[in-house]
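For reference, the structure discussed in these notes is given below.
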Amino acid sequence: MDTNTNTTDTNNINDKVRVRIAPSPSGNLHIGTARTALFNYLFAKKTGGEYVLRIEDTDLDRSSETFKQNIFDSLKALGLNWDEGPDVGGKYGPYKQSERFDIYPKFAQMLIDKGYAYECFCSNEDLDKEHEIALQKKIPYKYSRKCLNLTKEQKDELKAKGIKPSIRFKVESKELVFNDLVKGELKFDTSLIGDFAIMKSNGTPTYNFAVVIDDMLMKITHVIRGEDHISNTPKQILIYEALGAPIPKFGHLGMILAPDRSKLSKRHGATAVSDFIKQGYLTEALLNFVALLGWAPSDGVEIKNVDEIAADFRINEISSSNSIFEYEKLNWMNGQYINKMDISKLTDLAIPFIDMYDLKKYSRPQLEHIIEVTREPITLLAQLENDVKYFFIEPNYTESPEILEILKNENSKKVLEKFLNEVKDYDFGNHEQIHDKLGDLRSYFKETLGLKPKETMWAIRTALTGRTKGADMVATIEILGKDEVIKRLNQALKV
RNA sequence: GCCCCCAUCGUCUAGAGGCCUAGGACAACACCCUUUCACGGUGUAGACAGCGAUUCGAAUUCGCUUGGGGGUACCA
C-alpha cells in the first residue's frame, strides 16, 4: 500500500456556508431525512449560510413525481424552506439531477482524459460472476480491472458490436483521512475500494459521481448527511481530488433506529413525515423532537422552536451515535405543543380530524371553544375524534355497563331531577353562574344525601355525555346549550 | 467474510481526568392538588457493557473483548 497520506482540510474559510439536502424521490419524505434536512437548515441558519434543495432522481425507474411532491410538501409543512431548489430556482440550477444529465459526461470524459477513469465493457453477467467468485473464495469483492488496459482497437471493436461502456474511476491505493464534523478523524485504506462506476452504460451518472459534480458546481461547503454515507465519502473525496476541486467538509449523523434497533422502516409504522401529520402530530413538535435526537440544548430546556434551536446549535456537539425513535416523548411533546398553540390555528388543524361530524352545528367561536376544552389531555389530534364526539352526537347510554349503572342509581336520578329542574333557569351566557350553581348542587347533595362531589358530578357528566371522562363540566354545559342539556337529561332519566 | 461507525437509566441525553454519592427530560410508580377527566406539583425507582492499561485519581484517555448499527452495486 502506498503510504501517501492525504488529509483534507477546510476549503476557504471565508466562503459563505452552503449546505444542501438531497433527497431521492423514491419514497415519501422519511423522518430521518427530515432530521438531516433540519440539521442542515440549522447549520445554515446559525452560520448565516444558504440551504439548497436538490432532487436526486438519477434512478429514473425508482423516482416518481408523487414522491417528489410529497418531499416538497413535507419540507414546507415543517417550515424547512430552501433558498435554492427546483421550484424556486437559483444561480446553480437546475436542481434536479435528471435535468442535469448533459453535465456529467463532460466531467467523466475529463477524468478519462486525465487518466483518472476508464471505460469498462463488462456486462452485468461478467460482474455478477466476479461477485460470485469473491463470495466463494470469501475474499472482499473488488472489480478485477479487466477493462483497465484495453487498447483503443479493442474498445473500438467492442463499441462496434454495440456494447456501451460504463466509466470506472481508477482508485489508487493510499491512506485517506478526513476530519468529520461530528465524528472526528476518519481513516480509510483506499486499496480496499475497487474501481467503482461513475457513469452507467446508459449514459447516466451513478450516485457518487452525480453528488460530487453537483456539490462542486453548486459550491456546497458542508455536506451534512446520515452516517450510511460514510463509506461513500472516501470515493467522493477521490473524485474531488481528481477533479482538482475544493473538498467540502463532511459531517455524518447517527441514524434513527426503530425500537427493535433495526432501521426505521414501514413495518414499524409511520416513517414518512406526511404519515405523522396524518396521525395528528404537529410539525413543530415533530421538528423539536427530532432535533433532540442527537442534539441537546445547552440550557436544558427541551421545548424550543427552530429559531431558538438554531441560535443554540453547534454541529460539533451533535451526538455521533444512533438513536432510537420512541413515541412516548414525541407524544408528550406533541401534547405540549397542542396546548400551547393558538386556538384558532389549532382549530384549523383539528377540523380535518373531526369533520366526520356535522361541524355546522356550531359557530366558529363555539368550535374553537370545543377544541379549547378538549385539547388538554390529548397528545394527538386524532384523539379529538373521540373526545369531541358527544358535542355532536347524542350519548348512547347502553354502550357501557358502567354508565348504565351510574344512571340507574337512585341518588343519580335525584341529582338529575334537581339539576333538570334548575337548569331551566340558568343563564347560559354566564359561566360564573353555572359554575356556582353546580357548586350549590354539590353542597346540597352532600348535605342531604351524603354524596361526594365526585358522585354528583358523575351523574351529570354521564347524563350529558355518556362518558365518565371528558372536558370541563361547566364548559360542556355551556357549549351544549340549554335545549340540548334538557333533552339529554330527560333521556338519561328514562334509563 | 471484509471495511467503517457507535456504546451513560427502558428511551432521548448532560458529562470533554478530580465539581459525579453521575444531572435533566419522556415513560413507570407513589403522594399532593382538584368539580369528574385531565393539567400541574412533589417525590421514588432506574445507567457509566466487560476486562485490562495510563494516572495520586477515569464515565471521561488508550487497547482488547462483547454488543448494536452502517457499508460492501452500472440503488441512492
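Lettering and numbering for the C-alpha cells are positional, with chains as A, B, ... in the shown order, residues counted from 1 in each chain, and ligands counted from 1 in the shown order.
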
Inset, instruction - Write out as a list in words which residues come within 7 Å of segment 54-64 of chain B when counting only C-alpha atoms (C1' of nucleotides), dropping same-chain ones fewer than 4 positions away. - result: U8, A16, G17, G18 and C48 of chain B

Dump as JSON lines the rows for residues of segment 23-128 of chain A within 9 Å of segment 258-276 of chain A: closest atom pair and distance in Å with one decimal, only C-alpha atoms counted, ordered by chain and rising residue number.
{"residue": "A:Gly27", "atom": "CA", "partner": "A:Ala272", "partner_atom": "CA", "distance": 8.4}
{"residue": "A:Asn28", "atom": "CA", "partner": "A:Ala272", "partner_atom": "CA", "distance": 5.7}
{"residue": "A:Leu29", "atom": "CA", "partner": "A:Ala272", "partner_atom": "CA", "distance": 5.3}
{"residue": "A:His30", "atom": "CA", "partner": "A:Ala272", "partner_atom": "CA", "distance": 4.4}
{"residue": "A:Ile31", "atom": "CA", "partner": "A:Val273", "partner_atom": "CA", "distance": 5.4}
{"residue": "A:Gly32", "atom": "CA", "partner": "A:Thr271", "partner_atom": "CA", "distance": 8.2}
{"residue": "A:Ala34", "atom": "CA", "partner": "A:Val273", "partner_atom": "CA", "distance": 7.5}
{"residue": "A:Asn70", "atom": "CA", "partner": "A:Ser274", "partner_atom": "CA", "distance": 7.6}
{"residue": "A:Ile71", "atom": "CA", "partner": "A:Val273", "partner_atom": "CA", "distance": 8.8}
{"residue": "A:Asp73", "atom": "CA", "partner": "A:Ser274", "partner_atom": "CA", "distance": 8.5}
{"residue": "A:Ser74", "atom": "CA", "partner": "A:Ser274", "partner_atom": "CA", "distance": 6.2}
{"residue": "A:Leu75", "atom": "CA", "partner": "A:Val273", "partner_atom": "CA", "distance": 8.6}
{"residue": "A:Leu78", "atom": "CA", "partner": "A:Val273", "partner_atom": "CA", "distance": 8.7}

Legend entry - Contact set, chain A to chain B: 8 Å, only C-alpha atoms (C1' of nucleotides), as an NGL selection string: :A and (24 or 56 or 59 or 124 or 138-141 or 166 or 192 or 197 or 199-201 or 206-207 or 227-231 or 261-262 or 292-294 or 296 or 300 or 302 or 320-324 or 326 or 328-329 or 332 or 376-377 or 439 or 453-454 or 457-458 or 461 or 468-473)

Inset, instruction - From a DSSP pass on the backbone, collect the residues of segment 156-345 of chain A flagged as strand (DSSP E or B) and hand them back as a ChimeraX atom specification. - result: /A:166-169,175-180,184-189,197-199,205,222-226,249-253,256-257,263,272,323-324

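Neighbours of Glu65 of chain A closer than or equal to 12 Å, with only C-alpha atoms (C1' of nucleotides) counted and sequence neighbours fewer than 2 positions away skipped, come out as Ser24, Pro25, Ser26, Gly27, Asn28, Ile55, Asp57, Leu60, Asp61, Arg62, Ser63, Phe67, Lys68, Gln69, Asn70, Ile71, Phe72 and Lys96 of chain A.
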
Inset, instruction - Write out as a ChimeraX atom specification all residues of segment 124-272 of chain A that backbone DSSP assigns to helix (DSSP H, G or I). - result: /A:124-137,152-160,190-192,207-217,227-243,266-268

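Coordinates place atom CA of Gln236 of chain A at a distance of 8.0 Å from atom CA of Val211 of chain A.
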
Legend entry - Who sits within 12 Å of U65 of chain B, only C-alpha atoms (C1' of nucleotides), same chain under 3 positions skipped, as number ranges by chain: B: 49-52

Filtering to N, CA, C and O atoms (P, O5', C5', C4', C3', O3' and C1' of nucleotides), could you give me those residues as a PDB file, in the first residue's frame?
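And here is the file that came out, result_36.pdb:
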ATOM      1  P     A B  49     -20.797   1.817  29.566  1.00  0.00           P
ATOM      2  O5'   A B  49     -20.973   0.280  29.920  1.00  0.00           O
ATOM      3  C5'   A B  49     -22.244  -0.249  30.296  1.00  0.00           C
ATOM      4  C4'   A B  49     -22.168  -1.751  30.218  1.00  0.00           C
ATOM      5  C3'   A B  49     -20.818  -2.318  30.657  1.00  0.00           C
ATOM      6  O3'   A B  49     -20.831  -2.610  32.044  1.00  0.00           O
ATOM      7  C1'   A B  49     -21.370  -3.137  28.514  1.00  0.00           C
ATOM      8  P     G B  50     -19.446  -2.453  32.859  1.00  0.00           P
ATOM      9  O5'   G B  50     -18.659  -3.754  32.397  1.00  0.00           O
ATOM     10  C5'   G B  50     -19.158  -5.056  32.740  1.00  0.00           C
ATOM     11  C4'   G B  50     -18.198  -6.092  32.214  1.00  0.00           C
ATOM     12  C3'   G B  50     -16.748  -5.835  32.606  1.00  0.00           C
ATOM     13  O3'   G B  50     -16.456  -6.394  33.868  1.00  0.00           O
ATOM     14  C1'   G B  50     -16.877  -6.235  30.279  1.00  0.00           C
ATOM     15  P     C B  51     -15.324  -5.718  34.762  1.00  0.00           P
ATOM     16  O5'   C B  51     -13.999  -6.183  34.012  1.00  0.00           O
ATOM     17  C5'   C B  51     -13.708  -7.573  33.848  1.00  0.00           C
ATOM     18  C4'   C B  51     -12.499  -7.718  32.959  1.00  0.00           C
ATOM     19  C3'   C B  51     -11.332  -6.835  33.344  1.00  0.00           C
ATOM     20  O3'   C B  51     -10.602  -7.373  34.424  1.00  0.00           O
ATOM     21  C1'   C B  51     -11.666  -6.697  31.012  1.00  0.00           C
ATOM     22  P     G B  52      -9.531  -6.452  35.168  1.00  0.00           P
ATOM     23  O5'   G B  52      -8.258  -6.853  34.328  1.00  0.00           O
ATOM     24  C5'   G B  52      -7.111  -6.070  34.426  1.00  0.00           C
ATOM     25  C4'   G B  52      -6.485  -5.868  33.071  1.00  0.00           C
ATOM     26  C3'   G B  52      -5.644  -4.605  33.033  1.00  0.00           C
ATOM     27  O3'   G B  52      -4.408  -4.841  33.659  1.00  0.00           O
ATOM     28  C1'   G B  52      -7.007  -4.670  31.108  1.00  0.00           C
TER      29        G B  52
END

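Here atom CA of Ala22 of chain A stands at a distance of 14.2 Å from atom CA of Thr221 of chain A.
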
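Between atom CA of Ile318 of chain A and atom CA of Ile256 of chain A lies a distance of 13.5 Å.
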
Inset, instruction - Tell me, as a PyMOL selection string, which residues lie within 12 Å of G46 of chain B, counting only C-alpha atoms (C1' of nucleotides); anything in the same chain fewer than 5 positions away does not count. - result: chain B and resi 9-10+27-29

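Nearest to Asn331 of chain A of all the residues A:Ile309, A:Ile343, A:Ile378, A:Ile220 is A:Ile378, counting only C-alpha atoms.
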
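Using only C-alpha atoms (C1' of nucleotides), the protein and nucleic acid residues lying no more than 10 Å from Pro395 of chain A, apart from those fewer than 4 places from it along its own chain, are Lys389, Tyr390, Phe391, Glu399, Thr462, Ala463, Leu464, Thr465, Gly466, Arg467, Arg488, Gln491 and Ala492 of chain A.
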
Legend entry - Val52 of chain A environment, 6 Å, only C-alpha atoms (C1' of nucleotides), sequence neighbours closer than 3 positions dropped, as a PyMOL selection string: chain A and resi 20+82-85
